[in-house]
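What's in data.cif: mmCIF, C-alpha atoms
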```
data_data
loop_
_atom_site.label_atom_id
_atom_site.label_comp_id
_atom_site.auth_asym_id
_atom_site.auth_seq_id
_atom_site.Cartn_x
_atom_site.Cartn_y
_atom_site.Cartn_z
CA MET A 10 -8.86 -21.31 -9.78
CA LYS A 11 -5.15 -21.77 -10.19
CA GLY A 12 -5.30 -23.04 -13.75
CA ALA A 13 -6.03 -19.96 -15.87
CA ARG A 14 -3.28 -17.38 -16.28
CA PRO A 15 -4.47 -13.80 -15.76
CA VAL A 16 -4.73 -11.58 -18.81
CA VAL A 17 -3.07 -8.17 -18.75
CA GLU A 18 -3.78 -5.52 -21.36
CA VAL A 19 -0.76 -3.55 -22.56
CA VAL A 20 -1.54 0.13 -23.11
CA ARG A 21 1.06 2.31 -24.80
CA LEU A 22 0.53 5.96 -23.88
CA GLY A 23 3.55 7.48 -25.62
CA VAL A 24 4.91 10.71 -24.14
CA VAL A 25 2.38 12.15 -21.70
CA SER A 26 2.34 14.64 -18.87
CA TYR A 27 2.30 13.24 -15.37
CA GLN A 28 -1.23 14.57 -14.80
CA GLU A 29 -2.54 12.87 -17.91
CA ALA A 30 -0.98 9.56 -16.88
CA LEU A 31 -2.57 9.89 -13.41
CA ARG A 32 -5.95 10.52 -14.99
CA LEU A 33 -5.61 7.45 -17.22
CA GLN A 34 -4.36 5.29 -14.36
CA GLN A 35 -7.44 6.26 -12.36
CA LEU A 36 -9.68 5.16 -15.25
CA TYR A 37 -8.03 1.77 -15.24
CA VAL A 38 -8.16 1.54 -11.43
CA ASP A 39 -11.89 2.34 -11.53
CA ARG A 40 -12.48 -0.26 -14.23
CA HIS A 41 -11.49 -2.94 -11.73
CA ARG A 42 -14.66 -2.22 -9.76
CA SER A 43 -16.85 -3.82 -12.39
CA SER A 44 -14.71 -6.70 -13.62
CA PRO A 45 -11.14 -8.07 -13.80
CA ALA A 46 -9.28 -5.52 -15.89
CA ASN A 47 -5.55 -5.87 -15.40
CA ALA A 48 -3.56 -3.36 -17.42
CA LEU A 49 0.07 -2.45 -17.99
CA LEU A 50 0.45 1.23 -18.89
CA LEU A 51 3.68 2.17 -20.65
CA CYS A 52 4.78 5.76 -21.16
CA GLN A 53 7.43 8.44 -20.94
CA HIS A 54 6.86 11.66 -19.05
CA LEU A 55 7.77 15.24 -19.71
CA PRO A 56 10.26 16.28 -17.02
CA VAL A 57 8.64 15.97 -13.58
CA TYR A 58 9.73 15.45 -9.98
CA THR A 59 7.33 13.45 -7.85
CA THR A 60 7.12 12.75 -4.12
CA GLY A 61 5.21 10.05 -2.23
CA ILE A 62 3.02 9.90 0.88
CA ARG A 63 5.85 11.11 3.11
CA HIS A 64 5.49 14.90 2.68
CA LYS A 65 7.68 16.25 5.46
CA PRO A 66 11.07 15.98 3.72
CA TYR A 67 9.78 18.14 0.84
CA PRO A 68 8.44 21.52 1.87
CA ALA A 69 6.85 23.82 -0.69
CA ALA A 70 10.02 25.96 -0.97
CA LEU A 71 12.08 23.00 -2.14
CA LEU A 72 9.45 22.00 -4.67
CA ASP A 73 9.29 25.59 -6.00
CA ARG A 74 13.06 25.55 -6.58
CA LEU A 75 12.66 22.39 -8.66
CA ARG A 76 9.92 24.06 -10.73
CA LEU A 77 12.39 26.81 -11.61
CA LEU A 78 14.49 24.19 -13.40
CA GLY A 79 11.66 23.80 -15.89
CA ALA A 80 10.21 20.60 -14.47
CA ASP A 81 6.72 19.88 -13.27
CA VAL A 82 6.35 18.86 -9.61
CA HIS A 83 3.75 16.50 -8.17
CA ARG A 84 2.86 15.05 -4.80
CA THR A 85 1.41 11.53 -5.06
CA ASN A 86 -0.06 8.78 -2.90
CA ARG A 87 2.59 6.18 -3.74
CA GLY A 88 5.27 4.84 -1.45
CA GLY A 89 8.87 5.97 -1.86
CA LEU A 90 10.47 9.41 -1.64
CA ILE A 91 11.41 11.92 -4.35
CA THR A 92 12.31 10.89 -7.86
CA PHE A 93 12.53 12.24 -11.39
CA HIS A 94 10.73 11.16 -14.56
CA GLY A 95 11.58 12.44 -18.03
CA PRO A 96 12.10 11.54 -21.68
CA GLY A 97 14.32 8.51 -22.18
CA GLN A 98 12.97 6.82 -19.09
CA LEU A 99 10.59 3.88 -19.48
CA VAL A 100 7.75 4.36 -17.02
CA CYS A 101 5.50 1.39 -16.41
CA TYR A 102 2.29 1.48 -14.38
CA PRO A 103 0.82 -1.97 -13.78
CA VAL A 104 -2.79 -1.55 -12.69
CA LEU A 105 -3.37 -5.06 -11.41
CA ASN A 106 -5.80 -6.73 -9.08
CA LEU A 107 -3.44 -8.68 -6.82
CA GLY A 108 -6.36 -11.01 -6.21
CA ASN A 109 -5.60 -12.39 -9.69
CA PHE A 110 -1.97 -12.94 -8.66
CA THR A 111 -0.77 -13.09 -5.05
CA LYS A 112 -2.39 -10.87 -2.42
CA SER A 113 0.84 -9.51 -1.04
CA VAL A 114 2.35 -6.11 -1.67
CA ARG A 115 5.74 -7.44 -0.68
CA TRP A 116 5.50 -10.24 -3.26
CA TYR A 117 4.36 -7.77 -5.92
CA VAL A 118 7.27 -5.36 -5.41
CA CYS A 119 9.68 -8.30 -5.37
CA GLU A 120 8.36 -9.56 -8.72
CA LEU A 121 8.70 -6.08 -10.22
CA GLU A 122 12.34 -6.03 -9.11
CA LYS A 123 12.94 -9.48 -10.59
CA THR A 124 11.33 -8.40 -13.84
CA ILE A 125 13.72 -5.46 -14.20
CA ILE A 126 16.73 -7.57 -13.25
CA SER A 127 15.74 -9.89 -16.12
CA VAL A 128 15.49 -6.94 -18.50
CA CYS A 129 18.99 -5.78 -17.49
CA ARG A 130 20.35 -9.30 -17.93
CA ARG A 131 19.03 -9.37 -21.50
CA PHE A 132 21.20 -6.31 -22.15
CA GLY A 133 24.17 -8.00 -20.51
CA ILE A 134 23.96 -5.91 -17.34
CA GLU A 135 24.25 -7.50 -13.93
CA ALA A 136 21.64 -5.84 -11.72
CA SER A 137 20.48 -6.67 -8.24
CA THR A 138 18.26 -5.73 -5.33
CA SER A 139 19.47 -4.20 -2.09
CA PRO A 140 17.96 -3.27 1.28
CA HIS A 141 16.61 -0.21 -0.60
CA THR A 142 13.75 -1.02 -2.94
CA GLY A 143 14.52 -0.63 -6.62
CA VAL A 144 17.00 -2.20 -8.99
CA TRP A 145 20.69 -1.43 -8.68
CA VAL A 146 23.84 -1.85 -10.71
CA GLY A 147 26.47 -1.81 -8.00
CA ASP A 148 25.92 1.36 -6.02
CA GLN A 149 23.79 3.06 -8.64
CA LYS A 150 20.06 2.81 -9.07
CA ILE A 151 18.94 2.01 -12.59
CA CYS A 152 15.23 1.60 -11.83
CA ALA A 153 13.04 3.23 -9.19
CA ILE A 154 9.91 1.61 -7.82
CA GLY A 155 7.07 3.26 -5.92
CA ILE A 156 3.59 1.90 -5.74
CA HIS A 157 0.15 2.36 -4.22
CA CYS A 158 -2.23 -0.42 -3.31
CA GLY A 159 -5.87 -0.03 -2.34
CA ARG A 160 -8.32 -2.93 -2.10
CA TYR A 161 -5.63 -5.04 -3.81
CA ILE A 162 -5.62 -2.76 -6.89
CA THR A 163 -2.13 -1.48 -7.66
CA SER A 164 -1.18 1.84 -9.24
CA HIS A 165 2.00 3.81 -9.85
CA GLY A 166 4.90 1.47 -10.61
CA LEU A 167 8.44 1.62 -11.90
CA ALA A 168 10.77 3.87 -13.87
CA LEU A 169 13.72 2.37 -15.76
CA ASN A 170 16.41 4.73 -17.08
CA CYS A 171 17.11 3.93 -20.74
CA ASN A 172 18.72 7.07 -22.20
CA THR A 173 17.42 9.60 -19.68
CA ASP A 174 19.25 12.91 -19.26
CA MET A 175 20.83 12.02 -15.92
CA SER A 176 21.64 15.62 -14.98
CA TRP A 177 18.05 16.10 -13.75
CA PHE A 178 18.85 13.75 -10.85
CA GLY A 179 21.64 16.03 -9.69
CA HIS A 180 19.10 18.41 -8.12
CA ILE A 181 17.63 15.89 -5.67
CA VAL A 182 18.70 13.08 -3.39
CA PRO A 183 16.99 10.37 -5.47
CA CYS A 184 14.58 8.36 -3.32
CA GLY A 185 16.10 10.03 -0.27
CA ILE A 186 19.11 7.72 -0.30
CA GLU A 187 22.27 9.70 0.37
CA GLY A 188 25.59 8.70 -1.12
CA LYS A 189 24.29 6.48 -3.90
CA GLY A 190 24.08 7.41 -7.56
CA VAL A 191 21.81 6.74 -10.47
CA THR A 192 22.57 5.20 -13.82
CA SER A 193 20.92 4.08 -17.06
CA LEU A 194 21.12 1.32 -19.65
CA THR A 195 22.84 3.78 -22.01
CA VAL A 196 25.46 4.79 -19.44
CA LYS A 197 26.22 1.19 -18.53
CA LEU A 198 26.45 -0.07 -22.09
CA GLN A 199 28.17 3.02 -23.49
CA ARG A 200 25.77 2.99 -26.43
CA ASP A 201 22.34 4.49 -26.96
CA VAL A 202 19.51 2.33 -25.64
CA SER A 203 16.09 3.87 -26.16
CA VAL A 204 12.73 3.26 -24.49
CA GLU A 205 11.54 1.63 -27.73
CA ASP A 206 14.51 -0.79 -27.61
CA THR A 207 13.63 -1.72 -24.04
CA ILE A 208 9.85 -2.20 -24.16
CA PRO A 209 9.84 -5.65 -25.85
CA HIS A 210 12.25 -6.98 -23.21
CA LEU A 211 10.15 -5.53 -20.40
CA LEU A 212 6.96 -7.10 -21.76
CA ASP A 213 8.65 -10.47 -22.14
CA ALA A 214 10.10 -10.42 -18.64
CA PHE A 215 6.81 -9.22 -17.14
CA ARG A 216 4.89 -12.03 -18.83
CA GLN A 217 7.41 -14.51 -17.49
CA HIS A 218 7.61 -13.31 -13.89
CA PHE A 219 3.92 -12.60 -13.43
CA ASN A 220 2.93 -15.75 -15.30
CA CYS A 221 0.29 -13.93 -17.29
CA GLU A 222 -0.84 -13.35 -20.84
CA LEU A 223 -0.43 -9.97 -22.47
CA THR A 224 -2.88 -8.55 -24.95
CA GLU A 225 -2.87 -5.27 -26.78
CA GLU A 226 -5.69 -2.95 -27.84
CA HIS A 227 -4.88 -0.51 -30.58
CA THR A 228 -6.20 2.67 -29.07
CA ALA A 229 -5.70 4.11 -25.60
CA GLU A 230 -8.60 6.17 -24.17
CA MET B 6 -25.68 -10.09 36.36
CA ALA B 7 -26.03 -10.85 32.70
CA MET B 8 -23.04 -8.60 32.09
CA ARG B 9 -20.81 -10.63 34.41
CA ALA B 10 -21.91 -13.87 32.79
CA ALA B 11 -21.23 -12.43 29.36
CA LEU B 12 -17.75 -11.38 30.42
CA ARG B 13 -16.95 -14.82 31.80
CA CYS B 14 -18.21 -16.43 28.65
CA LEU B 15 -16.14 -14.17 26.43
CA SER B 16 -13.01 -14.60 28.48
CA SER B 17 -12.88 -18.31 27.77
CA ASN B 18 -12.49 -17.52 24.08
CA PHE B 19 -10.21 -14.56 24.49
CA LEU B 20 -6.56 -14.32 23.68
CA PRO B 21 -4.89 -14.35 27.11
CA ARG B 22 -4.06 -10.66 27.37
CA VAL B 23 -7.56 -9.45 26.51
CA ALA B 24 -9.07 -11.64 29.24
CA GLN B 25 -7.13 -9.77 31.87
CA LEU B 26 -9.77 -7.14 32.52
CA SER B 27 -8.83 -5.49 35.74
CA PRO B 28 -11.41 -5.77 38.52
CA ALA B 29 -11.85 -2.01 38.21
CA ALA B 30 -12.81 -2.35 34.56
CA GLN B 31 -15.32 -5.05 35.37
CA LEU B 32 -16.91 -2.89 38.04
CA SER B 33 -17.04 0.17 35.86
CA ALA B 34 -18.71 -1.66 32.98
CA PRO B 35 -22.27 -1.40 34.37
CA ARG B 36 -21.75 2.34 35.08
CA LEU B 37 -20.72 2.95 31.47
CA LEU B 38 -23.78 1.09 30.31
CA TRP B 39 -26.08 3.39 32.26
CA ARG B 40 -24.26 6.50 31.10
CA SER B 41 -24.84 5.61 27.48
CA GLY B 42 -28.58 5.60 28.25
CA GLY B 43 -30.70 4.85 25.21
CA SER B 44 -27.97 3.04 23.32
CA ALA B 45 -28.20 0.18 25.82
CA ARG B 46 -31.34 -0.89 24.02
CA THR B 47 -29.46 -1.25 20.74
CA LEU B 48 -26.71 -3.47 22.14
CA SER B 49 -26.40 -6.77 20.36
CA SER B 50 -26.02 -9.96 22.33
CA THR B 51 -22.24 -9.48 22.27
CA SER B 52 -21.29 -6.90 24.86
CA VAL B 53 -20.08 -3.78 23.09
CA LEU B 54 -18.12 -2.61 26.10
CA SER B 55 -15.53 -5.31 25.70
CA THR B 56 -14.91 -7.73 22.86
CA ALA B 57 -12.27 -10.05 21.59
CA LEU B 58 -10.54 -9.12 18.35
CA ARG B 59 -12.84 -8.71 15.37
CA PHE B 60 -11.48 -8.66 11.84
CA THR B 61 -12.39 -7.12 8.51
CA ASP B 62 -11.80 -8.82 5.19
CA LYS B 63 -9.14 -6.18 4.57
CA HIS B 64 -7.18 -7.52 7.56
CA GLU B 65 -7.78 -4.71 10.03
CA TRP B 66 -8.72 -5.72 13.58
CA VAL B 67 -10.70 -3.85 16.18
CA LYS B 68 -10.81 -4.51 19.89
CA VAL B 69 -13.41 -2.84 22.08
CA ASP B 70 -12.63 -1.82 25.60
CA GLY B 71 -14.72 0.56 27.69
CA GLY B 72 -16.68 1.67 24.65
CA THR B 73 -13.56 2.61 22.69
CA GLY B 74 -12.35 0.66 19.68
CA THR B 75 -8.63 0.14 19.16
CA VAL B 76 -7.70 -0.58 15.54
CA GLY B 77 -4.68 -2.26 14.00
CA ILE B 78 -3.72 -4.67 11.23
CA SER B 79 -3.43 -8.43 11.55
CA SER B 80 -0.31 -10.56 11.56
CA TYR B 81 -1.24 -11.83 8.12
CA ALA B 82 -1.40 -8.24 6.85
CA GLN B 83 1.93 -7.08 8.30
CA GLU B 84 3.60 -10.18 6.85
CA ALA B 85 2.19 -9.44 3.39
CA LEU B 86 3.27 -5.79 3.60
CA GLY B 87 6.85 -6.23 4.68
CA ASP B 88 8.72 -3.86 6.98
CA VAL B 89 6.61 -0.78 7.64
CA VAL B 90 8.64 2.41 7.28
CA TYR B 91 5.90 5.01 7.62
CA CYS B 92 2.36 5.25 9.00
CA GLY B 93 0.04 7.84 7.47
CA LEU B 94 -2.70 8.21 10.07
CA PRO B 95 -5.73 10.52 10.39
CA GLU B 96 -6.15 13.47 12.76
CA VAL B 97 -7.83 13.14 16.14
CA GLY B 98 -11.43 14.20 15.68
CA GLN B 99 -11.72 12.86 12.14
CA LYS B 100 -15.02 11.11 11.55
CA LEU B 101 -14.83 7.75 9.83
CA GLU B 102 -17.47 5.71 8.06
CA LEU B 103 -17.44 1.92 7.94
CA MET B 104 -14.90 0.80 5.31
CA GLU B 105 -13.77 4.36 4.63
CA GLU B 106 -10.09 4.78 3.86
CA PHE B 107 -8.43 6.37 6.91
CA GLY B 108 -4.73 6.24 6.14
CA ALA B 109 -1.92 4.25 4.61
CA LEU B 110 1.08 2.22 5.68
CA GLU B 111 4.25 2.40 3.64
CA SER B 112 6.59 -0.54 3.22
CA VAL B 113 8.99 -1.58 0.43
CA LYS B 114 8.12 1.65 -1.43
CA ALA B 115 4.47 0.64 -1.49
CA ALA B 116 1.71 2.67 0.15
CA SER B 117 -1.17 0.41 1.19
CA GLU B 118 -4.49 1.88 2.24
CA LEU B 119 -6.16 1.28 5.59
CA TYR B 120 -9.94 0.88 5.91
CA SER B 121 -12.01 1.73 8.95
CA PRO B 122 -13.67 -1.34 10.52
CA LEU B 123 -16.41 0.79 12.11
CA THR B 124 -18.23 4.12 11.98
CA GLY B 125 -16.96 6.50 14.63
CA GLU B 126 -14.60 9.31 15.49
CA VAL B 127 -10.83 9.10 15.92
CA THR B 128 -9.94 9.76 19.57
CA GLU B 129 -6.27 8.87 19.61
CA ILE B 130 -3.49 7.93 17.20
CA ASN B 131 -0.45 5.91 18.18
CA SER B 132 2.32 8.51 18.34
CA GLU B 133 4.93 5.76 18.99
CA LEU B 134 4.65 4.88 15.32
CA THR B 135 6.22 8.17 14.17
CA GLU B 136 9.62 7.15 15.51
CA ASN B 137 9.02 3.43 15.45
CA PRO B 138 6.82 2.35 12.53
CA GLY B 139 8.28 -1.16 12.79
CA LEU B 140 6.06 -1.75 15.84
CA VAL B 141 3.33 -2.56 13.34
CA ASN B 142 5.36 -5.59 12.28
CA LYS B 143 6.80 -6.52 15.66
CA ALA B 144 3.66 -6.18 17.78
CA CYS B 145 0.69 -5.74 15.49
CA TYR B 146 -1.88 -6.64 18.19
CA GLU B 147 -0.25 -4.70 21.02
CA GLU B 148 2.16 -1.74 20.81
CA GLY B 149 1.64 -1.58 17.03
CA TRP B 150 -1.98 -0.41 17.28
CA LEU B 151 -2.87 2.40 14.86
CA ILE B 152 -5.85 4.43 16.11
CA LYS B 153 -8.53 4.48 18.75
CA MET B 154 -12.06 5.49 17.89
CA THR B 155 -15.58 5.84 19.25
CA ILE B 156 -18.18 3.30 18.21
CA GLU B 157 -21.24 4.95 16.77
CA LYS B 158 -22.95 1.82 15.52
CA PRO B 159 -22.24 -1.18 17.77
CA GLU B 160 -24.20 -3.44 15.45
CA GLU B 161 -21.37 -3.09 12.92
CA LEU B 162 -19.28 -5.34 15.16
CA ASP B 163 -21.59 -8.21 14.32
CA GLY B 164 -20.60 -7.83 10.67
CA LEU B 165 -16.94 -8.47 11.46
CA MET B 166 -15.22 -11.83 11.72
CA ASP B 167 -14.19 -13.35 15.03
CA GLN B 168 -10.78 -15.04 15.38
CA ALA B 169 -12.03 -18.43 14.20
CA ALA B 170 -13.81 -17.04 11.15
CA TYR B 171 -10.80 -14.90 10.28
CA ASP B 172 -8.44 -17.89 10.53
CA THR B 173 -10.70 -19.79 8.15
CA PHE B 174 -10.80 -16.78 5.84
CA ILE B 175 -7.01 -16.61 5.66
CA LYS B 176 -6.74 -20.32 4.96
CA SER B 177 -9.17 -19.98 2.08
CA MET B 178 -7.08 -17.14 0.62
CA GLU B 179 -3.96 -19.26 0.64
CA GLU B 180 -5.48 -22.03 -1.40
#
```
Written form, structure tokens:
Amino acid sequence: MKGARPVVEVVRLGVVSYQEALRLQQLYVDRHRSSPANALLLCQHLPVYTTGIRHKPYPAALLDRLRLLGADVHRTNRGGLITFHGPGQLVCYPVLNLGNFTKSVRWYVCELEKTIISVCRRFGIEASTSPHTGVWVGDQKICAIGIHCGRYITSHGLALNCNTDMSWFGHIVPCGIEGKGVTSLTVKLQRDVSVEDTIPHLLDAFRQHFNCELTEEHTAE
Amino acid sequence: MAMRAALRCLSSNFLPRVAQLSPAAQLSAPRLLWRSGGSARTLSSTSVLSTALRFTDKHEWVKVDGGTGTVGISSYAQEALGDVVYCGLPEVGQKLELMEEFGALESVKAASELYSPLTGEVTEINSELTENPGLVNKACYEEGWLIKMTIEKPEELDGLMDQAAYDTFIKSMEE
């Protein structure tokens, strides 16, 4: 039925370890088995480097070196190459049933990109897409995207740099793209923009682009 | 005799390339049937030695030839994925159950799972895809095939959609 807009529950996790966020994501993914249960998980992570389904570029030795920096390291089942998550970065995991939206992974990633471009525009920043997935300000990536889709249920998502400590990115080739940099809302605006400042804009833009309704429970599991 | 009639009947519905069974393949079909012994009794009315494309509701296709199933994804699926940049495929020898996840395709930073259309064992994976994952988009029914597998339960083929049913299925999804 095309009439009713899908409902998406916003879940604010606060600052959580990557493992904890994975565990919670899985709960929400599993919930979809019994009934429509779209959710938007919002969080920040303790410093962690993550890789996707392409393992070969990242042998154990490389990952061990990253651990020595004091970060956690995790292999995942998402698309995309290596990236960094840490405090000051807004991480958003939409756990959606694309059957309630459009059953196309390409469409879904495109709408995520448009959502972030809208968020940047609200801050007066001109962002865009490029042949490389993600959202860019010129030659610098401001938001990384890497998702997993199984039976039309999405997991993993996006990571928008608000006032992230950018030096963590210096130890990797972010997303495997040589010669391009990374940036944040704070760097671009030359003033502090926090995750809390950004969340309302993200929710608004998400509601708009995904044409859905957002609800909020008061406790996460 | 019945075999030849079945083949003729199927070929009229086939996509052109599948209908081009070499004479050698047609002759060898009865021999394969005898070799499989007892399983001949469990064959459904559709010949399991050679079929037109069958589809799952997850948009994988399987084509049977000489008792081996070749598996890939449909045109609809590759369109919805976008440009494939990486194929995560199983090992030869891996046993798969019907609808079991057997790998993933990566496109636009999204890893999408693949589901086995049948129960069987992986006999071959398409090594062309390591260097050329885009074949999945360019030639999803031909050079872009993903794996080949044995067919342990031929009756599972009856549970899959034929081309006409699949076309209807896609149309209903787009409404």
> Written as a list of chain:residue names, which residues does the PyMOL selection byres ((chain B and resi 68-75) around 6) give for the file shown?
Replying inline: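 So the PyMOL selection byres ((chain B and resi 68-75) around 6), applied here, picks out B:Leu54, B:Ser55, B:Thr56, B:Ala57, B:Leu58, B:Val67, B:Val76, B:Ile152, B:Lys153, B:Met154, B:Thr155.
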> Within 6 Å of chain B, which residues of chain A show up when using only C-alpha atoms, listed as a list in words?
Replying inline: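 Residues passing the distance filter: Arg87, Gly88, Gly89, Ser113, Val114, Arg115, Thr142, Gly155, Ile156, His157, Cys158 and Gly159 of chain A.
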Taking all atoms of stretch 57-76 of chain B that appear in the file, build a box with edges along x, y and z, extend it by 4 Å on every side, and state its centre and edge lengths in Å to one decimal, as lines of an AutoDock Vina configuration file.
```
center_x = -11.9
center_y = -3.7
center_z = 16.1
size_x = 17.5
size_y = 20.7
size_z = 31.1
```
Selection dump of the PyMOL selection byres ((chain A and resi 61) around 7), as an mmCIF file with C-alpha atoms, in the frame of the given file:
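The resulting out-v7.cif:
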```cif
data_model
loop_
_atom_site.group_PDB
_atom_site.id
_atom_site.type_symbol
_atom_site.label_atom_id
_atom_site.label_comp_id
_atom_site.auth_asym_id
_atom_site.auth_seq_id
_atom_site.Cartn_x
_atom_site.Cartn_y
_atom_site.Cartn_z
ATOM 1 C CA THR A 59 7.330 13.450 -7.850
ATOM 2 C CA THR A 60 7.120 12.750 -4.120
ATOM 3 C CA ILE A 62 3.020 9.900 0.880
ATOM 4 C CA ARG A 63 5.850 11.110 3.110
ATOM 5 C CA HIS A 64 5.490 14.900 2.680
ATOM 6 C CA ARG A 84 2.860 15.050 -4.800
ATOM 7 C CA THR A 85 1.410 11.530 -5.060
ATOM 8 C CA ASN A 86 -0.060 8.780 -2.900
ATOM 9 C CA ARG A 87 2.590 6.180 -3.740
ATOM 10 C CA GLY A 88 5.270 4.840 -1.450
ATOM 11 C CA GLY A 89 8.870 5.970 -1.860
ATOM 12 C CA LEU A 90 10.470 9.410 -1.640
ATOM 13 C CA ILE A 91 11.410 11.920 -4.350
#
```
Skip A:Ala168 itself and residues of its chain fewer than 2 positions away, then list as a compact mmCIF listing (two decimals) with C-alpha atoms, in the coordinates of the input all residues within 10 Å of it, counting only C-alpha atoms.
```
# COMPACT_ATOMS: atom_id res chain seq x y z
CA LEU A 51 3.68 2.17 -20.65
CA CYS A 52 4.78 5.76 -21.16
CA GLN A 53 7.43 8.44 -20.94
CA THR A 92 12.31 10.89 -7.86
CA PHE A 93 12.53 12.24 -11.39
CA HIS A 94 10.73 11.16 -14.56
CA GLY A 95 11.58 12.44 -18.03
CA GLN A 98 12.97 6.82 -19.09
CA LEU A 99 10.59 3.88 -19.48
CA VAL A 100 7.75 4.36 -17.02
CA CYS A 101 5.50 1.39 -16.41
CA TYR A 102 2.29 1.48 -14.38
CA ILE A 125 13.72 -5.46 -14.20
CA GLY A 143 14.52 -0.63 -6.62
CA VAL A 144 17.00 -2.20 -8.99
CA ILE A 151 18.94 2.01 -12.59
CA CYS A 152 15.23 1.60 -11.83
CA ALA A 153 13.04 3.23 -9.19
CA ILE A 154 9.91 1.61 -7.82
CA GLY A 155 7.07 3.26 -5.92
CA HIS A 165 2.00 3.81 -9.85
CA GLY A 166 4.90 1.47 -10.61
CA ASN A 170 16.41 4.73 -17.08
CA CYS A 171 17.11 3.93 -20.74
```
>> Please expand the PyMOL selection byres ((chain B and resi 105) around 10) into the concrete residues it hits in this file, giving the result as a ChimeraX atom specification.
In response: /B:100-104,106-108,118-124
> Of the candidates B:Glu126, B:Glu136, B:Asp172, B:Glu65, which one gets nearest to B:Leu151 if we count only C-alpha atoms?
Replying inline: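 The closest residue to B:Leu151 is B:Glu65.
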